[in-house]
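Note: the block below is coords_32.cif and it holds mmCIF, N, CA and C atoms.
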```cif
data_entry
#
loop_
_atom_site.label_atom_id
_atom_site.label_comp_id
_atom_site.auth_asym_id
_atom_site.auth_seq_id
_atom_site.Cartn_x
_atom_site.Cartn_y
_atom_site.Cartn_z
N MET A 1 80.35 97.23 111.69
CA MET A 1 79.43 96.46 110.89
C MET A 1 79.29 97.09 109.50
N LEU A 2 79.08 96.28 108.52
CA LEU A 2 78.98 96.72 107.14
C LEU A 2 77.54 97.08 106.82
N ASN A 3 77.34 98.23 106.23
CA ASN A 3 76.02 98.68 105.83
C ASN A 3 75.70 98.04 104.49
N MET A 4 74.71 97.19 104.47
CA MET A 4 74.33 96.52 103.24
C MET A 4 73.18 97.25 102.53
N GLY A 5 72.86 98.44 103.00
CA GLY A 5 71.76 99.20 102.41
C GLY A 5 72.21 99.96 101.18
N GLY A 6 71.31 100.68 100.61
CA GLY A 6 71.63 101.49 99.45
C GLY A 6 70.37 101.98 98.79
N GLY A 7 70.44 103.14 98.19
CA GLY A 7 69.30 103.67 97.48
C GLY A 7 68.09 103.85 98.37
N ALA A 8 66.92 103.43 97.86
CA ALA A 8 65.67 103.60 98.59
C ALA A 8 65.44 102.49 99.61
N GLN A 9 66.29 101.45 99.61
CA GLN A 9 66.12 100.36 100.56
C GLN A 9 66.53 100.81 101.95
N PRO A 10 65.89 100.24 102.98
CA PRO A 10 66.29 100.59 104.34
C PRO A 10 67.70 100.05 104.62
N THR A 11 68.43 100.74 105.48
CA THR A 11 69.76 100.32 105.86
C THR A 11 69.69 99.04 106.67
N ARG A 12 70.58 98.10 106.36
CA ARG A 12 70.64 96.83 107.08
C ARG A 12 72.06 96.65 107.59
N ILE A 13 72.20 96.44 108.87
CA ILE A 13 73.51 96.22 109.49
C ILE A 13 73.66 94.71 109.71
N ILE A 14 74.80 94.16 109.31
CA ILE A 14 75.00 92.73 109.48
C ILE A 14 75.45 92.41 110.91
N ASN A 15 75.13 91.21 111.38
CA ASN A 15 75.54 90.80 112.72
C ASN A 15 76.90 90.09 112.66
N GLU A 16 77.43 89.67 113.81
CA GLU A 16 78.76 89.06 113.87
C GLU A 16 78.85 87.75 113.09
N ASP A 17 77.81 86.93 113.16
CA ASP A 17 77.81 85.67 112.42
C ASP A 17 77.85 85.93 110.92
N GLU A 18 77.05 86.88 110.48
CA GLU A 18 77.03 87.23 109.05
C GLU A 18 78.38 87.82 108.62
N GLU A 19 78.97 88.62 109.49
CA GLU A 19 80.29 89.19 109.21
C GLU A 19 81.32 88.07 109.03
N THR A 20 81.29 87.08 109.90
CA THR A 20 82.22 85.96 109.81
C THR A 20 82.04 85.21 108.50
N ARG A 21 80.80 84.93 108.13
CA ARG A 21 80.53 84.23 106.86
C ARG A 21 80.98 85.06 105.67
N LEU A 22 80.73 86.36 105.71
CA LEU A 22 81.14 87.25 104.63
C LEU A 22 82.66 87.23 104.46
N LEU A 23 83.38 87.26 105.58
CA LEU A 23 84.85 87.22 105.53
C LEU A 23 85.35 85.88 105.00
N LEU A 24 84.69 84.78 105.36
CA LEU A 24 85.10 83.47 104.84
C LEU A 24 84.93 83.40 103.33
N TYR A 25 83.81 83.89 102.84
CA TYR A 25 83.59 83.90 101.40
C TYR A 25 84.57 84.86 100.71
N GLY A 26 84.84 85.98 101.34
CA GLY A 26 85.80 86.94 100.78
C GLY A 26 87.19 86.37 100.70
N ASP A 27 87.58 85.59 101.71
CA ASP A 27 88.92 84.99 101.72
C ASP A 27 89.06 83.92 100.65
N ASP A 28 87.96 83.24 100.31
CA ASP A 28 87.98 82.22 99.25
C ASP A 28 88.06 82.84 97.87
N ASP A 29 87.69 84.10 97.75
CA ASP A 29 87.67 84.80 96.48
C ASP A 29 89.10 85.25 96.14
N GLN A 30 89.56 84.98 94.95
CA GLN A 30 90.93 85.31 94.55
C GLN A 30 91.10 86.75 94.08
N SER A 31 90.04 87.53 94.03
CA SER A 31 90.11 88.89 93.50
C SER A 31 90.64 89.91 94.50
N GLY A 32 90.79 89.53 95.75
CA GLY A 32 91.16 90.50 96.78
C GLY A 32 89.95 90.98 97.55
N ALA A 33 88.84 90.30 97.39
CA ALA A 33 87.60 90.69 98.05
C ALA A 33 87.71 90.62 99.57
N GLY A 34 88.48 89.68 100.07
CA GLY A 34 88.66 89.56 101.52
C GLY A 34 89.27 90.82 102.10
N PHE A 35 90.28 91.36 101.41
CA PHE A 35 90.89 92.60 101.87
C PHE A 35 89.90 93.75 101.78
N LEU A 36 89.17 93.84 100.68
CA LEU A 36 88.17 94.90 100.52
C LEU A 36 87.19 94.89 101.69
N ILE A 37 86.65 93.73 102.02
CA ILE A 37 85.68 93.62 103.12
C ILE A 37 86.33 94.02 104.44
N ARG A 38 87.52 93.49 104.71
CA ARG A 38 88.21 93.81 105.97
C ARG A 38 88.52 95.31 106.06
N PHE A 39 88.96 95.88 104.95
CA PHE A 39 89.29 97.31 104.93
C PHE A 39 88.06 98.15 105.25
N LEU A 40 86.94 97.84 104.60
CA LEU A 40 85.71 98.59 104.84
C LEU A 40 85.20 98.39 106.26
N LEU A 41 85.24 97.16 106.75
CA LEU A 41 84.77 96.89 108.11
C LEU A 41 85.61 97.58 109.16
N ASN A 42 86.91 97.67 108.93
CA ASN A 42 87.81 98.23 109.95
C ASN A 42 88.02 99.73 109.83
N THR A 43 87.55 100.33 108.75
CA THR A 43 87.65 101.79 108.62
C THR A 43 86.29 102.47 108.73
N GLY A 44 85.23 101.77 108.35
CA GLY A 44 83.91 102.37 108.32
C GLY A 44 83.72 103.29 107.12
N LEU A 45 84.63 103.21 106.15
CA LEU A 45 84.54 104.06 104.97
C LEU A 45 83.43 103.61 104.03
N ARG A 46 82.87 104.55 103.33
CA ARG A 46 81.97 104.24 102.23
C ARG A 46 82.84 103.75 101.07
N VAL A 47 82.24 103.01 100.16
CA VAL A 47 82.98 102.49 99.01
C VAL A 47 83.60 103.64 98.21
N GLY A 48 82.87 104.72 98.02
CA GLY A 48 83.38 105.88 97.28
C GLY A 48 84.57 106.53 97.95
N GLU A 49 84.62 106.49 99.27
CA GLU A 49 85.76 107.05 100.00
C GLU A 49 86.96 106.11 99.90
N ALA A 50 86.71 104.81 100.07
CA ALA A 50 87.78 103.81 100.00
C ALA A 50 88.44 103.80 98.63
N HIS A 51 87.65 104.08 97.61
CA HIS A 51 88.14 104.11 96.22
C HIS A 51 89.33 105.07 96.06
N HIS A 52 89.38 106.13 96.83
CA HIS A 52 90.41 107.16 96.69
C HIS A 52 91.68 106.92 97.49
N VAL A 53 91.66 105.99 98.43
CA VAL A 53 92.80 105.80 99.34
C VAL A 53 93.99 105.21 98.58
N THR A 54 95.13 105.88 98.68
CA THR A 54 96.36 105.39 98.06
C THR A 54 97.30 104.87 99.15
N TRP A 55 98.36 104.19 98.72
CA TRP A 55 99.35 103.71 99.68
C TRP A 55 99.99 104.86 100.43
N ALA A 56 100.15 106.01 99.80
CA ALA A 56 100.73 107.19 100.47
C ALA A 56 99.83 107.66 101.62
N ASP A 57 98.53 107.40 101.53
CA ASP A 57 97.60 107.79 102.59
C ASP A 57 97.74 106.91 103.82
N VAL A 58 98.20 105.66 103.64
CA VAL A 58 98.27 104.74 104.77
C VAL A 58 99.68 104.41 105.22
N MET A 59 100.69 104.76 104.40
CA MET A 59 102.05 104.45 104.81
C MET A 59 103.06 105.45 104.27
N GLY A 60 104.19 105.49 104.94
CA GLY A 60 105.29 106.34 104.52
C GLY A 60 106.59 105.57 104.61
N ALA A 61 107.68 106.29 104.64
CA ALA A 61 109.01 105.65 104.67
C ALA A 61 109.23 104.83 105.94
N THR A 62 108.56 105.21 107.02
CA THR A 62 108.76 104.51 108.30
C THR A 62 107.73 103.41 108.55
N GLY A 63 106.81 103.18 107.62
CA GLY A 63 105.81 102.12 107.78
C GLY A 63 104.39 102.67 107.74
N ILE A 64 103.48 101.88 108.29
CA ILE A 64 102.06 102.24 108.30
C ILE A 64 101.82 103.42 109.24
N HIS A 65 101.05 104.40 108.76
CA HIS A 65 100.70 105.55 109.58
C HIS A 65 99.80 105.14 110.74
N THR A 66 99.65 106.03 111.71
CA THR A 66 98.74 105.77 112.83
C THR A 66 97.35 106.34 112.56
N GLU A 67 97.24 107.18 111.52
CA GLU A 67 95.96 107.79 111.17
C GLU A 67 95.77 107.79 109.66
N LEU A 68 94.53 107.78 109.25
CA LEU A 68 94.16 107.88 107.85
C LEU A 68 93.35 109.15 107.68
N VAL A 69 93.84 110.06 106.87
CA VAL A 69 93.15 111.32 106.63
C VAL A 69 92.20 111.14 105.44
N ILE A 70 90.92 111.34 105.70
CA ILE A 70 89.91 111.26 104.66
C ILE A 70 89.66 112.68 104.18
N LYS A 71 90.01 112.94 102.93
CA LYS A 71 89.92 114.29 102.38
C LYS A 71 88.46 114.66 102.09
N PRO A 72 88.11 115.92 102.28
CA PRO A 72 86.71 116.35 102.06
C PRO A 72 86.18 116.03 100.66
N GLU A 73 87.04 116.12 99.66
CA GLU A 73 86.57 115.88 98.29
C GLU A 73 86.23 114.40 98.04
N TRP A 74 86.63 113.51 98.94
CA TRP A 74 86.30 112.08 98.81
C TRP A 74 84.93 111.76 99.38
N THR A 75 84.41 112.62 100.24
CA THR A 75 83.21 112.27 101.01
C THR A 75 81.93 112.75 100.35
N LYS A 76 80.85 112.10 100.71
CA LYS A 76 79.53 112.44 100.19
C LYS A 76 79.09 113.83 100.66
N ASN A 77 79.40 114.15 101.92
CA ASN A 77 78.96 115.43 102.48
C ASN A 77 80.05 116.51 102.45
N LYS A 78 81.18 116.21 101.82
CA LYS A 78 82.30 117.15 101.64
C LYS A 78 82.92 117.60 102.98
N VAL A 79 82.89 116.71 103.97
CA VAL A 79 83.51 116.97 105.26
C VAL A 79 84.57 115.89 105.49
N GLY A 80 85.80 116.31 105.63
CA GLY A 80 86.88 115.38 105.87
C GLY A 80 86.92 114.92 107.31
N ARG A 81 87.72 113.90 107.57
CA ARG A 81 87.87 113.41 108.93
C ARG A 81 89.17 112.63 109.04
N ILE A 82 89.56 112.36 110.25
CA ILE A 82 90.77 111.58 110.50
C ILE A 82 90.36 110.31 111.24
N LEU A 83 90.78 109.16 110.70
CA LEU A 83 90.48 107.87 111.31
C LEU A 83 91.75 107.27 111.88
N PRO A 84 91.70 106.76 113.10
CA PRO A 84 92.88 106.07 113.63
C PRO A 84 93.06 104.74 112.90
N ILE A 85 94.30 104.37 112.69
CA ILE A 85 94.60 103.06 112.14
C ILE A 85 94.91 102.16 113.34
N ALA A 86 93.92 101.41 113.75
CA ALA A 86 94.04 100.53 114.92
C ALA A 86 94.95 99.35 114.58
N SER A 87 95.36 98.62 115.61
CA SER A 87 96.29 97.51 115.41
C SER A 87 95.75 96.45 114.46
N LYS A 88 94.45 96.18 114.50
CA LYS A 88 93.86 95.18 113.60
C LYS A 88 93.97 95.63 112.15
N LEU A 89 93.64 96.90 111.88
CA LEU A 89 93.76 97.44 110.53
C LEU A 89 95.23 97.50 110.11
N HIS A 90 96.11 97.84 111.03
CA HIS A 90 97.54 97.89 110.76
C HIS A 90 98.02 96.52 110.26
N ALA A 91 97.61 95.45 110.94
CA ALA A 91 98.00 94.10 110.55
C ALA A 91 97.42 93.72 109.18
N ILE A 92 96.18 94.13 108.92
CA ILE A 92 95.53 93.85 107.65
C ILE A 92 96.28 94.55 106.51
N LEU A 93 96.67 95.80 106.75
CA LEU A 93 97.41 96.56 105.73
C LEU A 93 98.79 95.95 105.47
N LEU A 94 99.47 95.52 106.52
CA LEU A 94 100.79 94.89 106.34
C LEU A 94 100.67 93.60 105.54
N GLN A 95 99.66 92.80 105.84
CA GLN A 95 99.45 91.56 105.10
C GLN A 95 99.15 91.86 103.63
N HIS A 96 98.29 92.84 103.39
CA HIS A 96 97.93 93.21 102.02
C HIS A 96 99.15 93.77 101.28
N GLN A 97 99.96 94.54 101.98
CA GLN A 97 101.17 95.08 101.38
C GLN A 97 102.09 93.95 100.91
N SER A 98 102.25 92.91 101.73
CA SER A 98 103.13 91.80 101.34
C SER A 98 102.57 91.06 100.12
N ILE A 99 101.25 90.91 100.04
CA ILE A 99 100.62 90.29 98.87
C ILE A 99 100.86 91.15 97.63
N CYS A 100 100.71 92.45 97.78
CA CYS A 100 100.92 93.37 96.66
C CYS A 100 102.37 93.35 96.19
N LEU A 101 103.30 93.31 97.13
CA LEU A 101 104.72 93.23 96.77
C LEU A 101 105.01 91.94 96.01
N TYR A 102 104.39 90.85 96.42
CA TYR A 102 104.56 89.58 95.72
C TYR A 102 104.00 89.67 94.30
N LYS A 103 102.82 90.27 94.16
CA LYS A 103 102.18 90.35 92.84
C LYS A 103 102.91 91.29 91.88
N THR A 104 103.44 92.40 92.41
CA THR A 104 104.12 93.36 91.53
C THR A 104 105.56 92.98 91.27
N LYS A 105 106.14 92.14 92.12
CA LYS A 105 107.54 91.74 92.03
C LYS A 105 108.49 92.93 92.11
N ALA A 106 108.02 94.02 92.70
CA ALA A 106 108.82 95.24 92.84
C ALA A 106 108.26 96.05 94.00
N ALA A 107 108.92 97.16 94.29
CA ALA A 107 108.44 98.05 95.35
C ALA A 107 107.11 98.66 94.94
N LEU A 108 106.24 98.87 95.93
CA LEU A 108 104.96 99.52 95.66
C LEU A 108 105.18 100.99 95.38
N ASP A 109 104.45 101.50 94.43
CA ASP A 109 104.43 102.93 94.16
C ASP A 109 103.39 103.52 95.12
N LEU A 110 103.81 104.46 95.96
CA LEU A 110 102.89 105.01 96.96
C LEU A 110 101.71 105.76 96.35
N SER A 111 101.79 106.10 95.08
CA SER A 111 100.66 106.79 94.44
C SER A 111 99.58 105.80 93.99
N TRP A 112 99.87 104.51 94.05
CA TRP A 112 98.89 103.50 93.64
C TRP A 112 97.77 103.39 94.66
N PRO A 113 96.58 103.04 94.21
CA PRO A 113 95.46 102.86 95.15
C PRO A 113 95.65 101.63 96.01
N VAL A 114 95.15 101.68 97.23
CA VAL A 114 95.21 100.53 98.13
C VAL A 114 94.29 99.42 97.61
N LEU A 115 93.21 99.79 96.96
CA LEU A 115 92.27 98.82 96.39
C LEU A 115 92.37 98.81 94.87
N PRO A 116 92.90 97.84 94.23
CA PRO A 116 93.31 96.55 94.75
C PRO A 116 94.72 96.55 95.34
N GLY A 117 95.55 97.57 95.02
CA GLY A 117 96.85 97.70 95.68
C GLY A 117 98.04 97.32 94.83
N TRP A 118 97.84 96.52 93.81
CA TRP A 118 98.98 96.09 93.02
C TRP A 118 98.89 96.60 91.57
N ARG A 119 98.04 97.59 91.34
CA ARG A 119 97.89 98.19 90.01
C ARG A 119 97.88 99.71 90.13
N LYS A 120 98.20 100.35 89.02
CA LYS A 120 98.18 101.81 89.00
C LYS A 120 96.76 102.36 89.09
N LYS A 121 95.81 101.60 88.59
CA LYS A 121 94.42 102.07 88.54
C LYS A 121 93.60 101.41 89.64
N ALA A 122 92.80 102.20 90.34
CA ALA A 122 91.93 101.69 91.41
C ALA A 122 90.78 100.89 90.82
N TRP A 123 90.25 99.99 91.64
CA TRP A 123 89.00 99.36 91.26
C TRP A 123 87.96 100.46 91.15
N SER A 124 87.04 100.33 90.23
CA SER A 124 85.96 101.32 90.15
C SER A 124 85.03 101.14 91.35
N ILE A 125 84.32 102.20 91.66
CA ILE A 125 83.34 102.13 92.75
C ILE A 125 82.31 101.05 92.43
N ARG A 126 81.88 101.01 91.19
CA ARG A 126 80.87 100.02 90.78
C ARG A 126 81.40 98.60 90.95
N ARG A 127 82.68 98.37 90.60
CA ARG A 127 83.25 97.03 90.77
C ARG A 127 83.26 96.63 92.24
N MET A 128 83.64 97.56 93.11
CA MET A 128 83.64 97.25 94.54
C MET A 128 82.23 96.94 95.03
N GLN A 129 81.25 97.70 94.55
CA GLN A 129 79.86 97.45 94.94
C GLN A 129 79.41 96.06 94.49
N ARG A 130 79.82 95.67 93.27
CA ARG A 130 79.44 94.35 92.74
C ARG A 130 80.08 93.23 93.54
N ILE A 131 81.35 93.41 93.93
CA ILE A 131 82.04 92.40 94.74
C ILE A 131 81.30 92.22 96.07
N ILE A 132 80.97 93.33 96.70
CA ILE A 132 80.27 93.28 97.99
C ILE A 132 78.89 92.64 97.82
N GLN A 133 78.19 93.02 96.77
CA GLN A 133 76.86 92.46 96.53
C GLN A 133 76.94 90.95 96.28
N ARG A 134 77.89 90.52 95.46
CA ARG A 134 78.05 89.10 95.16
C ARG A 134 78.39 88.31 96.42
N LEU A 135 79.35 88.82 97.19
CA LEU A 135 79.73 88.15 98.43
C LEU A 135 78.56 88.11 99.42
N GLY A 136 77.85 89.23 99.50
CA GLY A 136 76.69 89.28 100.39
C GLY A 136 75.63 88.27 99.99
N ASN A 137 75.35 88.16 98.71
CA ASN A 137 74.36 87.18 98.24
C ASN A 137 74.82 85.76 98.51
N ASP A 138 76.10 85.48 98.30
CA ASP A 138 76.63 84.13 98.52
C ASP A 138 76.69 83.78 99.99
N ALA A 139 77.18 84.69 100.80
CA ALA A 139 77.43 84.42 102.21
C ALA A 139 76.20 84.58 103.09
N LEU A 140 75.33 85.51 102.74
CA LEU A 140 74.22 85.83 103.63
C LEU A 140 72.90 85.30 103.08
#
```

Can the structure from this file be put into structure tokens for me?
Amino acid sequence: MLNMGGGAQPTRIINEDEETRLLLYGDDDQSGAGFLIRFLLNTGLRVGEAHHVTWADVMGATGIHTELVIKPEWTKNKVGRILPIASKLHAILLQHQSICLYKTKAALDLSWPVLPGWRKKAWSIRRMQRIIQRLGNDAL
């Protein structure tokens, strides 16, 4: 579930119906918001952690990795962790990879960020927060 809390506000966890609506609105958005929401929901990463993930972190020469290593310097509490890349996330990453390959018209550079995935520069943390907030307001 996606944490819609922040700052001094109490944490709010969305339910399955709200998650479905959020994903529908995200899929209608042409910015890649659908992938952002799916990535966050399936990894449990904070926006600041997701901001740092590159293609090299999720894939190599043989395809998508089975684990995602979250480096300590990416985290709020400076403690790293290893997340399994489950089959659902694996499929989401493959689909996003094909979209990125279409948009770049060339091979992906593994040093590029996964978010948005088809540019050298990552979306800013603030931009990701705004996308989530806008989708949340529209969908929920």

Report the residues retrieved by the PyMOL selection byres ((chain A and resi 92-100) around 8) from the displayed file, expressed as a PyMOL selection string. chain A and resi 35+38-39+64+86-91+101-108+116-119

Polymer residues at most 8 Å from His65 of chain A, all atoms listed in the file, same-chain spacing of 4 or more positions, as a ChimeraX atom specification: /A:56-60,84-86,90

Ranking A:Val47, A:Ala139, A:Leu115, A:Val79 by minimum distance to Leu22 of chain A and counting only C-alpha atoms, which one comes first? A:Ala139

Restricting the calculation to all atoms listed in the file, which member of A:Ile132, A:Leu83, A:Val114, A:Ile125 is positioned closest to Thr54 of chain A?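 Answer, going by the shortest atom-to-atom distance: A:Val114.
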
What does the PyMOL selection byres (((chain A and resi 24 and name CA) around 12) and name CA) select in this file, as a PyMOL selection string? chain A and resi 17-23+25-30+33-35+37-38+135-136+138-140

Expected file contents, prior selection, N, CA and C atoms, as a PDB file, in the frame of the given file:
```
ATOM      1  N   ASP A  17      77.810  86.930 113.160  1.00  0.00           N
ATOM      2  CA  ASP A  17      77.810  85.670 112.420  1.00  0.00           C
ATOM      3  C   ASP A  17      77.850  85.930 110.920  1.00  0.00           C
ATOM      4  N   GLU A  18      77.050  86.880 110.480  1.00  0.00           N
ATOM      5  CA  GLU A  18      77.030  87.230 109.050  1.00  0.00           C
ATOM      6  C   GLU A  18      78.380  87.820 108.620  1.00  0.00           C
ATOM      7  N   GLU A  19      78.970  88.620 109.490  1.00  0.00           N
ATOM      8  CA  GLU A  19      80.290  89.190 109.210  1.00  0.00           C
ATOM      9  C   GLU A  19      81.320  88.070 109.030  1.00  0.00           C
ATOM     10  N   THR A  20      81.290  87.080 109.900  1.00  0.00           N
ATOM     11  CA  THR A  20      82.220  85.960 109.810  1.00  0.00           C
ATOM     12  C   THR A  20      82.040  85.210 108.500  1.00  0.00           C
ATOM     13  N   ARG A  21      80.800  84.930 108.130  1.00  0.00           N
ATOM     14  CA  ARG A  21      80.530  84.230 106.860  1.00  0.00           C
ATOM     15  C   ARG A  21      80.980  85.060 105.670  1.00  0.00           C
ATOM     16  N   LEU A  22      80.730  86.360 105.710  1.00  0.00           N
ATOM     17  CA  LEU A  22      81.140  87.250 104.630  1.00  0.00           C
ATOM     18  C   LEU A  22      82.660  87.230 104.460  1.00  0.00           C
ATOM     19  N   LEU A  23      83.380  87.260 105.580  1.00  0.00           N
ATOM     20  CA  LEU A  23      84.850  87.220 105.530  1.00  0.00           C
ATOM     21  C   LEU A  23      85.350  85.880 105.000  1.00  0.00           C
ATOM     22  N   TYR A  25      83.810  83.890 102.840  1.00  0.00           N
ATOM     23  CA  TYR A  25      83.590  83.900 101.400  1.00  0.00           C
ATOM     24  C   TYR A  25      84.570  84.860 100.710  1.00  0.00           C
ATOM     25  N   GLY A  26      84.840  85.980 101.340  1.00  0.00           N
ATOM     26  CA  GLY A  26      85.800  86.940 100.780  1.00  0.00           C
ATOM     27  C   GLY A  26      87.190  86.370 100.700  1.00  0.00           C
ATOM     28  N   ASP A  27      87.580  85.590 101.710  1.00  0.00           N
ATOM     29  CA  ASP A  27      88.920  84.990 101.720  1.00  0.00           C
ATOM     30  C   ASP A  27      89.060  83.920 100.650  1.00  0.00           C
ATOM     31  N   ASP A  28      87.960  83.240 100.310  1.00  0.00           N
ATOM     32  CA  ASP A  28      87.980  82.220  99.250  1.00  0.00           C
ATOM     33  C   ASP A  28      88.060  82.840  97.870  1.00  0.00           C
ATOM     34  N   ASP A  29      87.690  84.100  97.750  1.00  0.00           N
ATOM     35  CA  ASP A  29      87.670  84.800  96.480  1.00  0.00           C
ATOM     36  C   ASP A  29      89.100  85.250  96.140  1.00  0.00           C
ATOM     37  N   GLN A  30      89.560  84.980  94.950  1.00  0.00           N
ATOM     38  CA  GLN A  30      90.930  85.310  94.550  1.00  0.00           C
ATOM     39  C   GLN A  30      91.100  86.750  94.080  1.00  0.00           C
ATOM     40  N   ALA A  33      88.840  90.300  97.390  1.00  0.00           N
ATOM     41  CA  ALA A  33      87.600  90.690  98.050  1.00  0.00           C
ATOM     42  C   ALA A  33      87.710  90.620  99.570  1.00  0.00           C
ATOM     43  N   GLY A  34      88.480  89.680 100.070  1.00  0.00           N
ATOM     44  CA  GLY A  34      88.660  89.560 101.520  1.00  0.00           C
ATOM     45  C   GLY A  34      89.270  90.820 102.100  1.00  0.00           C
ATOM     46  N   PHE A  35      90.280  91.360 101.410  1.00  0.00           N
ATOM     47  CA  PHE A  35      90.890  92.600 101.870  1.00  0.00           C
ATOM     48  C   PHE A  35      89.900  93.750 101.780  1.00  0.00           C
ATOM     49  N   ILE A  37      86.650  93.730 102.020  1.00  0.00           N
ATOM     50  CA  ILE A  37      85.680  93.620 103.120  1.00  0.00           C
ATOM     51  C   ILE A  37      86.330  94.020 104.440  1.00  0.00           C
ATOM     52  N   ARG A  38      87.520  93.490 104.710  1.00  0.00           N
ATOM     53  CA  ARG A  38      88.210  93.810 105.970  1.00  0.00           C
ATOM     54  C   ARG A  38      88.520  95.310 106.060  1.00  0.00           C
ATOM     55  N   LEU A 135      79.350  88.820  97.190  1.00  0.00           N
ATOM     56  CA  LEU A 135      79.730  88.150  98.430  1.00  0.00           C
ATOM     57  C   LEU A 135      78.560  88.110  99.420  1.00  0.00           C
ATOM     58  N   GLY A 136      77.850  89.230  99.500  1.00  0.00           N
ATOM     59  CA  GLY A 136      76.690  89.280 100.390  1.00  0.00           C
ATOM     60  C   GLY A 136      75.630  88.270  99.990  1.00  0.00           C
ATOM     61  N   ASP A 138      76.100  85.480  98.300  1.00  0.00           N
ATOM     62  CA  ASP A 138      76.630  84.130  98.520  1.00  0.00           C
ATOM     63  C   ASP A 138      76.690  83.780  99.990  1.00  0.00           C
ATOM     64  N   ALA A 139      77.180  84.690 100.800  1.00  0.00           N
ATOM     65  CA  ALA A 139      77.430  84.420 102.210  1.00  0.00           C
ATOM     66  C   ALA A 139      76.200  84.580 103.090  1.00  0.00           C
ATOM     67  N   LEU A 140      75.330  85.510 102.740  1.00  0.00           N
ATOM     68  CA  LEU A 140      74.220  85.830 103.630  1.00  0.00           C
ATOM     69  C   LEU A 140      72.900  85.300 103.080  1.00  0.00           C
TER      70      LEU A 140
END
```

Just the number, please: distance in Å from atom N of Ser124 of chain A to atom N of His51 of chain A, one decimal.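 Atom N of Ser124 of chain A sits 8.3 Å away from atom N of His51 of chain A.
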
Could you name the residues that touch Val53 of chain A at 12 Å or less, counting only C-alpha atoms, but leaving out those on the same chain fewer than 4 positions away, as a VMD selection string? chain A and resid 36 39 to 40 43 45 to 49 57 to 59 68 to 71 73 to 75 110 to 117 121 to 123

List every residue of segment 11-136 of chain A that DSSP, applied to the backbone of this structure, assigns to strand (DSSP E or B), and report them as a ChimeraX atom specification. /A:13,54,59-60,63-64,67-70,81-84,113

Please identify the helix (DSSP H, G or I) residues within chain A (assignment by DSSP from backbone atoms) and present them as a PyMOL selection string. chain A and resi 16-28+33-43+47-50+55-58+72-74+87-104+125-139

Separation of atom CA of Trp55 of chain A from atom C of Arg130 of chain A, in Å and rounded to one decimal: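 Atom-to-atom, atom CA of Trp55 of chain A to atom C of Arg130 of chain A, that is 22.8 Å.
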
What is the distance between atom N of Gly44 of chain A and atom C of Ile82 of chain A, in Å to one decimal?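 Calculated distance between atom N of Gly44 of chain A and atom C of Ile82 of chain A is 10.4 Å.
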